[in-house]
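Chemist: Below is the file coords02.cif, with mmCIF, C-alpha atoms.
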```
data_input
#
loop_
_atom_site.label_atom_id
_atom_site.label_comp_id
_atom_site.auth_asym_id
_atom_site.auth_seq_id
_atom_site.Cartn_x
_atom_site.Cartn_y
_atom_site.Cartn_z
CA MET A 1 -11.37 9.31 16.24
CA ILE A 2 -13.11 8.36 13.00
CA ILE A 3 -13.19 4.65 12.15
CA SER A 4 -14.49 3.32 8.86
CA GLN A 5 -15.48 -0.33 8.87
CA ILE A 6 -15.70 -2.29 5.64
CA SER A 7 -16.66 -5.93 5.58
CA ASP A 8 -17.35 -9.07 3.58
CA PHE A 9 -15.62 -8.19 0.31
CA HIS A 10 -15.60 -11.82 -0.87
CA LEU A 11 -12.82 -10.83 -3.26
CA THR A 12 -12.16 -13.34 -6.02
CA PRO A 13 -9.24 -14.02 -8.36
CA ASP A 14 -8.81 -11.60 -11.25
CA GLY A 15 -11.43 -12.15 -13.93
CA VAL A 16 -13.76 -14.19 -11.69
CA ARG A 17 -17.08 -12.84 -10.41
CA CYS A 18 -18.29 -13.85 -6.96
CA HIS A 19 -21.01 -16.50 -7.42
CA ALA A 20 -20.71 -15.73 -11.16
CA VAL A 21 -22.49 -12.41 -10.56
CA ALA A 22 -20.73 -9.78 -8.43
CA ASP A 23 -17.60 -7.88 -9.41
CA THR A 24 -16.36 -7.63 -5.84
CA ALA A 25 -13.07 -6.02 -6.86
CA ALA A 26 -14.93 -3.12 -8.47
CA SER A 27 -17.16 -2.74 -5.41
CA LEU A 28 -14.21 -2.73 -3.02
CA THR A 29 -12.30 -0.29 -5.23
CA ALA A 30 -15.31 2.07 -5.17
CA ALA A 31 -15.48 1.78 -1.37
CA VAL A 32 -11.77 2.58 -1.06
CA GLU A 33 -12.18 5.64 -3.29
CA CYS A 34 -15.14 6.80 -1.20
CA ILE A 35 -13.25 6.36 2.09
CA ALA A 36 -10.30 8.32 0.68
CA ARG A 37 -12.62 11.31 0.03
CA ILE A 38 -14.36 11.43 3.43
CA ALA A 39 -13.98 14.79 5.17
CA PRO A 40 -12.83 15.11 7.82
CA PRO A 41 -10.52 12.22 6.96
CA VAL A 42 -10.94 8.77 8.44
CA ASP A 43 -8.28 7.92 11.05
CA VAL A 44 -8.31 4.15 10.55
CA VAL A 45 -10.09 1.54 8.48
CA VAL A 46 -11.16 -1.74 10.03
CA ALA A 47 -11.75 -4.48 7.46
CA THR A 48 -13.56 -7.58 8.68
CA GLY A 49 -13.92 -10.86 6.82
CA ASP A 50 -14.83 -12.50 4.65
CA LEU A 51 -12.02 -10.66 2.91
CA VAL A 52 -11.87 -13.16 0.05
CA ASP A 53 -14.39 -15.65 -1.28
CA PHE A 54 -11.80 -18.25 -2.26
CA GLY A 55 -8.23 -18.37 -3.42
CA GLY A 56 -4.76 -18.16 -2.03
CA ALA A 57 -1.84 -15.77 -2.09
CA ASP A 58 -2.87 -14.28 -5.45
CA VAL A 59 -6.22 -13.05 -4.11
CA TYR A 60 -4.63 -11.59 -0.96
CA ASP A 61 -2.08 -9.82 -3.16
CA ARG A 62 -5.02 -8.43 -5.15
CA LEU A 63 -6.66 -7.31 -1.90
CA ARG A 64 -3.44 -5.60 -0.89
CA ARG A 65 -3.23 -3.72 -4.20
CA ILE A 66 -6.83 -2.48 -3.85
CA LEU A 67 -6.36 -1.31 -0.25
CA ASP A 68 -2.88 0.21 -0.68
CA PRO A 69 -4.10 3.62 -1.95
CA LEU A 70 -5.62 4.36 1.48
CA ALA A 71 -3.37 6.79 3.35
CA MET A 72 -4.61 5.82 6.82
CA PRO A 73 -3.84 2.54 8.63
CA VAL A 74 -5.99 -0.40 7.55
CA TYR A 75 -6.46 -3.27 10.02
CA LEU A 76 -7.81 -6.58 8.74
CA ILE A 77 -9.32 -9.54 10.55
CA PRO A 78 -10.24 -12.81 8.80
CA GLY A 79 -13.68 -14.30 8.30
CA ASN A 80 -14.71 -17.91 7.76
CA ARG A 81 -13.69 -17.96 4.09
CA ASP A 82 -10.25 -16.50 4.71
CA ASP A 83 -6.97 -18.38 4.77
CA ARG A 84 -4.96 -17.23 7.78
CA GLU A 85 -1.51 -18.01 6.38
CA SER A 86 -2.10 -16.32 3.03
CA LEU A 87 -3.51 -13.27 4.81
CA ARG A 88 -0.65 -13.20 7.32
CA GLN A 89 1.94 -13.39 4.53
CA ALA A 90 0.32 -10.75 2.29
CA PHE A 91 0.16 -8.20 5.13
CA ALA A 92 3.17 -9.29 7.23
CA ASP A 93 4.99 -5.98 6.75
CA LYS A 94 2.13 -4.06 8.39
CA GLY A 95 3.34 -5.45 11.72
CA TYR A 96 0.06 -6.09 13.53
CA PHE A 97 -0.51 -9.77 12.77
CA PRO A 98 1.37 -12.19 15.03
CA ALA A 99 4.26 -13.82 13.13
CA GLN A 100 3.06 -17.25 14.22
CA GLY A 101 0.30 -18.93 16.16
CA ALA A 102 -3.10 -20.44 15.56
CA PHE A 103 -5.03 -17.16 15.53
CA LEU A 104 -4.59 -13.71 13.98
CA HIS A 105 -5.61 -11.74 17.08
CA TYR A 106 -3.95 -8.41 17.81
CA ALA A 107 -4.23 -5.22 19.86
CA ILE A 108 -3.34 -1.79 18.47
CA GLU A 109 -2.31 0.82 21.04
CA ALA A 110 -1.27 3.64 18.68
CA HIS A 111 -4.57 5.51 18.44
CA ALA A 112 -6.96 7.48 20.67
CA LEU A 113 -9.03 4.30 20.97
CA ARG A 114 -7.44 0.94 21.58
CA LEU A 115 -8.31 -1.51 18.77
CA ILE A 116 -8.57 -5.26 19.30
CA GLY A 117 -9.05 -7.58 16.34
CA LEU A 118 -10.36 -11.07 17.11
CA ASP A 119 -9.99 -14.05 14.81
CA THR A 120 -13.17 -16.14 15.10
CA VAL A 121 -12.43 -18.46 12.16
CA ILE A 122 -13.18 -22.16 12.53
CA GLY A 123 -11.63 -23.96 9.56
CA GLY A 124 -14.14 -25.55 7.22
CA ARG A 125 -17.19 -23.99 8.87
CA ASP A 126 -19.48 -21.15 7.82
CA SER A 127 -19.72 -19.89 11.37
CA GLY A 128 -17.15 -18.48 13.74
CA ALA A 129 -16.70 -18.85 17.47
CA MET A 130 -14.88 -17.63 20.52
CA CYS A 131 -13.41 -20.77 22.11
CA GLU A 132 -11.83 -20.84 25.58
CA ALA A 133 -8.36 -19.98 24.19
CA ARG A 134 -9.68 -16.96 22.30
CA LEU A 135 -11.73 -15.75 25.26
CA ALA A 136 -8.69 -16.08 27.53
CA TRP A 137 -6.60 -14.05 25.07
CA LEU A 138 -9.28 -11.33 24.93
CA ASP A 139 -9.64 -11.27 28.72
CA ALA A 140 -5.88 -10.84 29.12
CA ARG A 141 -5.78 -7.98 26.58
CA LEU A 142 -8.71 -6.18 28.20
CA ALA A 143 -7.10 -6.58 31.65
CA GLU A 144 -3.93 -4.86 30.39
CA ALA A 145 -5.76 -1.55 29.95
CA ARG A 146 -9.03 -1.67 31.89
CA ASP A 147 -9.50 2.11 31.86
CA ARG A 148 -8.70 2.65 28.18
CA PRO A 149 -11.59 2.96 25.70
CA THR A 150 -11.39 -0.07 23.43
CA VAL A 151 -13.11 -1.12 20.21
CA VAL A 152 -13.31 -4.87 19.59
CA PHE A 153 -13.94 -6.12 16.07
CA MET A 154 -14.27 -9.61 14.64
#
```
Can I see the file as structure tokens?

Modeler:
Amino acid sequence: MIISQISDFHLTPDGVRCHAVADTAASLTAAVECIARIAPPVDVVVATGDLVDFGGADVYDRLRRILDPLAMPVYLIPGNRDDRESLRQAFADKGYFPAQGAFLHYAIEAHALRLIGLDTVIGGRDSGAMCEARLAWLDARLAEARDRPTVVFM
């Protein structure tokens, strides 16, 4: 199974450069085009935060438009700059984010390797963490399939 991980896009609203310098949309678009050409083809893409640098639904819609050309499944997990609800809404139809709840954790069983995405976001902080609730969730997911190879990403 071939997994491509992309991370820390810091995508900004249309026409805005990240920290007034970087055209993160152009960089992410180039990465998507590169992933699409990899041979043999990538089975899944794991995208870890910070997915956006700032912004709401408009930036997550922009992220969706940039990632949509990828033919393989793309699984996202937020970083400290991400807004859970905007992310959840923009990608709700993908079916892997929980419809409600404090965290955007999930487990994907549909591939040769089991994939577990962990939400480590702590609102208003530049760092993330695995609190007792998150660790308990992870422990329960790992216990469900102890003998299955699993990739954890956060």

Chemist: Evaluate the PyMOL selection byres ((chain A and resi 90-107) around 10) here and jot the selected residues down as a compact mmCIF listing (two decimals) with C-alpha atoms, keeping the file's coordinate frame.

Modeler:
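Saved to expr15.txt:
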```txt
# COMPACT_ATOMS: atom_id res chain seq x y z
CA GLY A 56 -4.76 -18.16 -2.03
CA ALA A 57 -1.84 -15.77 -2.09
CA ASP A 58 -2.87 -14.28 -5.45
CA VAL A 59 -6.22 -13.05 -4.11
CA TYR A 60 -4.63 -11.59 -0.96
CA ASP A 61 -2.08 -9.82 -3.16
CA ARG A 62 -5.02 -8.43 -5.15
CA LEU A 63 -6.66 -7.31 -1.90
CA ARG A 64 -3.44 -5.60 -0.89
CA PRO A 73 -3.84 2.54 8.63
CA VAL A 74 -5.99 -0.40 7.55
CA TYR A 75 -6.46 -3.27 10.02
CA LEU A 76 -7.81 -6.58 8.74
CA ILE A 77 -9.32 -9.54 10.55
CA PRO A 78 -10.24 -12.81 8.80
CA ARG A 84 -4.96 -17.23 7.78
CA GLU A 85 -1.51 -18.01 6.38
CA SER A 86 -2.10 -16.32 3.03
CA LEU A 87 -3.51 -13.27 4.81
CA ARG A 88 -0.65 -13.20 7.32
CA GLN A 89 1.94 -13.39 4.53
CA ILE A 108 -3.34 -1.79 18.47
CA GLU A 109 -2.31 0.82 21.04
CA ALA A 110 -1.27 3.64 18.68
CA ARG A 114 -7.44 0.94 21.58
CA LEU A 115 -8.31 -1.51 18.77
CA ILE A 116 -8.57 -5.26 19.30
CA GLY A 117 -9.05 -7.58 16.34
CA LEU A 118 -10.36 -11.07 17.11
CA ASP A 119 -9.99 -14.05 14.81
CA THR A 120 -13.17 -16.14 15.10
CA VAL A 121 -12.43 -18.46 12.16
CA ALA A 133 -8.36 -19.98 24.19
CA ARG A 134 -9.68 -16.96 22.30
CA TRP A 137 -6.60 -14.05 25.07
CA LEU A 138 -9.28 -11.33 24.93
CA ARG A 141 -5.78 -7.98 26.58
CA LEU A 142 -8.71 -6.18 28.20
CA THR A 150 -11.39 -0.07 23.43
CA VAL A 151 -13.11 -1.12 20.21
CA VAL A 152 -13.31 -4.87 19.59
CA MET A 154 -14.27 -9.61 14.64
```

Chemist: Record the distance separating atom CA of A:Phe153 and atom CA of A:Thr12, expressed in Å with one decimal.

Modeler: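 Calculated distance between atom CA of A:Phe153 and atom CA of A:Thr12 is 23.3 Å.
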
Chemist: State, in Å with one decimal place, the distance from atom CA of A:Leu70 to atom CA of A:Pro149.

Modeler: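 Interatomic distance here is 25.0 Å.
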
Chemist: Translate the PyMOL selection byres ((chain A and resi 66) around 8) into a concrete residue list for this structure, as a list in words.

Modeler: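 With the PyMOL selection byres ((chain A and resi 66) around 8) on this model, the match is Ala25, Leu28, Thr29, Val32, Arg62, Leu63, Arg64, Arg65, Leu67, Asp68 and Pro69 of chain A.
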
Chemist: Atom CA of A:Val44 and atom CA of A:Ile3 are how many Å apart?

Modeler: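 Pair atom CA of A:Val44 / atom CA of A:Ile3 returns 5.2 Å.
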
Chemist: So, with all atoms listed in the file as the atoms that count, which of A:Ile38, A:Val45, A:His111, A:Asn80 lies closest to A:Gly123?

Modeler: A:Asn80

Chemist: Which is closer to A:Gly55 than all the others in A:Leu11, A:Leu135, A:Leu113, A:Ala30, using all atoms listed in the file?

Modeler: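 Ranking A:Leu11, A:Leu135, A:Leu113, A:Ala30 by distance to A:Gly55, first place goes to A:Leu11.
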
Chemist: Using 3 Å of padding on each side, determine the axis-aligned box around all atoms of stretch 78-86 of chain A present in the file and give its centre and edge lengths in Å to one decimal, as AutoDock Vina command-line options.

Modeler:
```
--center_x -8.1 --center_y -15.6 --center_z 5.9 --size_x 19.2 --size_y 11.6 --size_z 11.8
```

Chemist: If we count all atoms listed in the file and set the cut-off at 7 Å, which residues sit around A:Asp82, ignoring sequence neighbours fewer than 3 positions away in its own chain? Please answer as an MDAnalysis selection string.

Modeler: chainID A and resid 50:52 78:79

Chemist: Expand the PyMOL selection byres ((chain A and resi 4-6) around 8) into the individual residues it matches in the shown file, reporting them as a PyMOL selection string.

Modeler: chain A and resi 2-3+7-9+35+42+44-48

Chemist: Which residue is closest to A:Cys18? Choose from A:Phe54, A:Asp139, A:Ile122, A:Gly128 and count all atoms listed in the file.

Modeler: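 The answer is A:Phe54, which sits nearest to A:Cys18.
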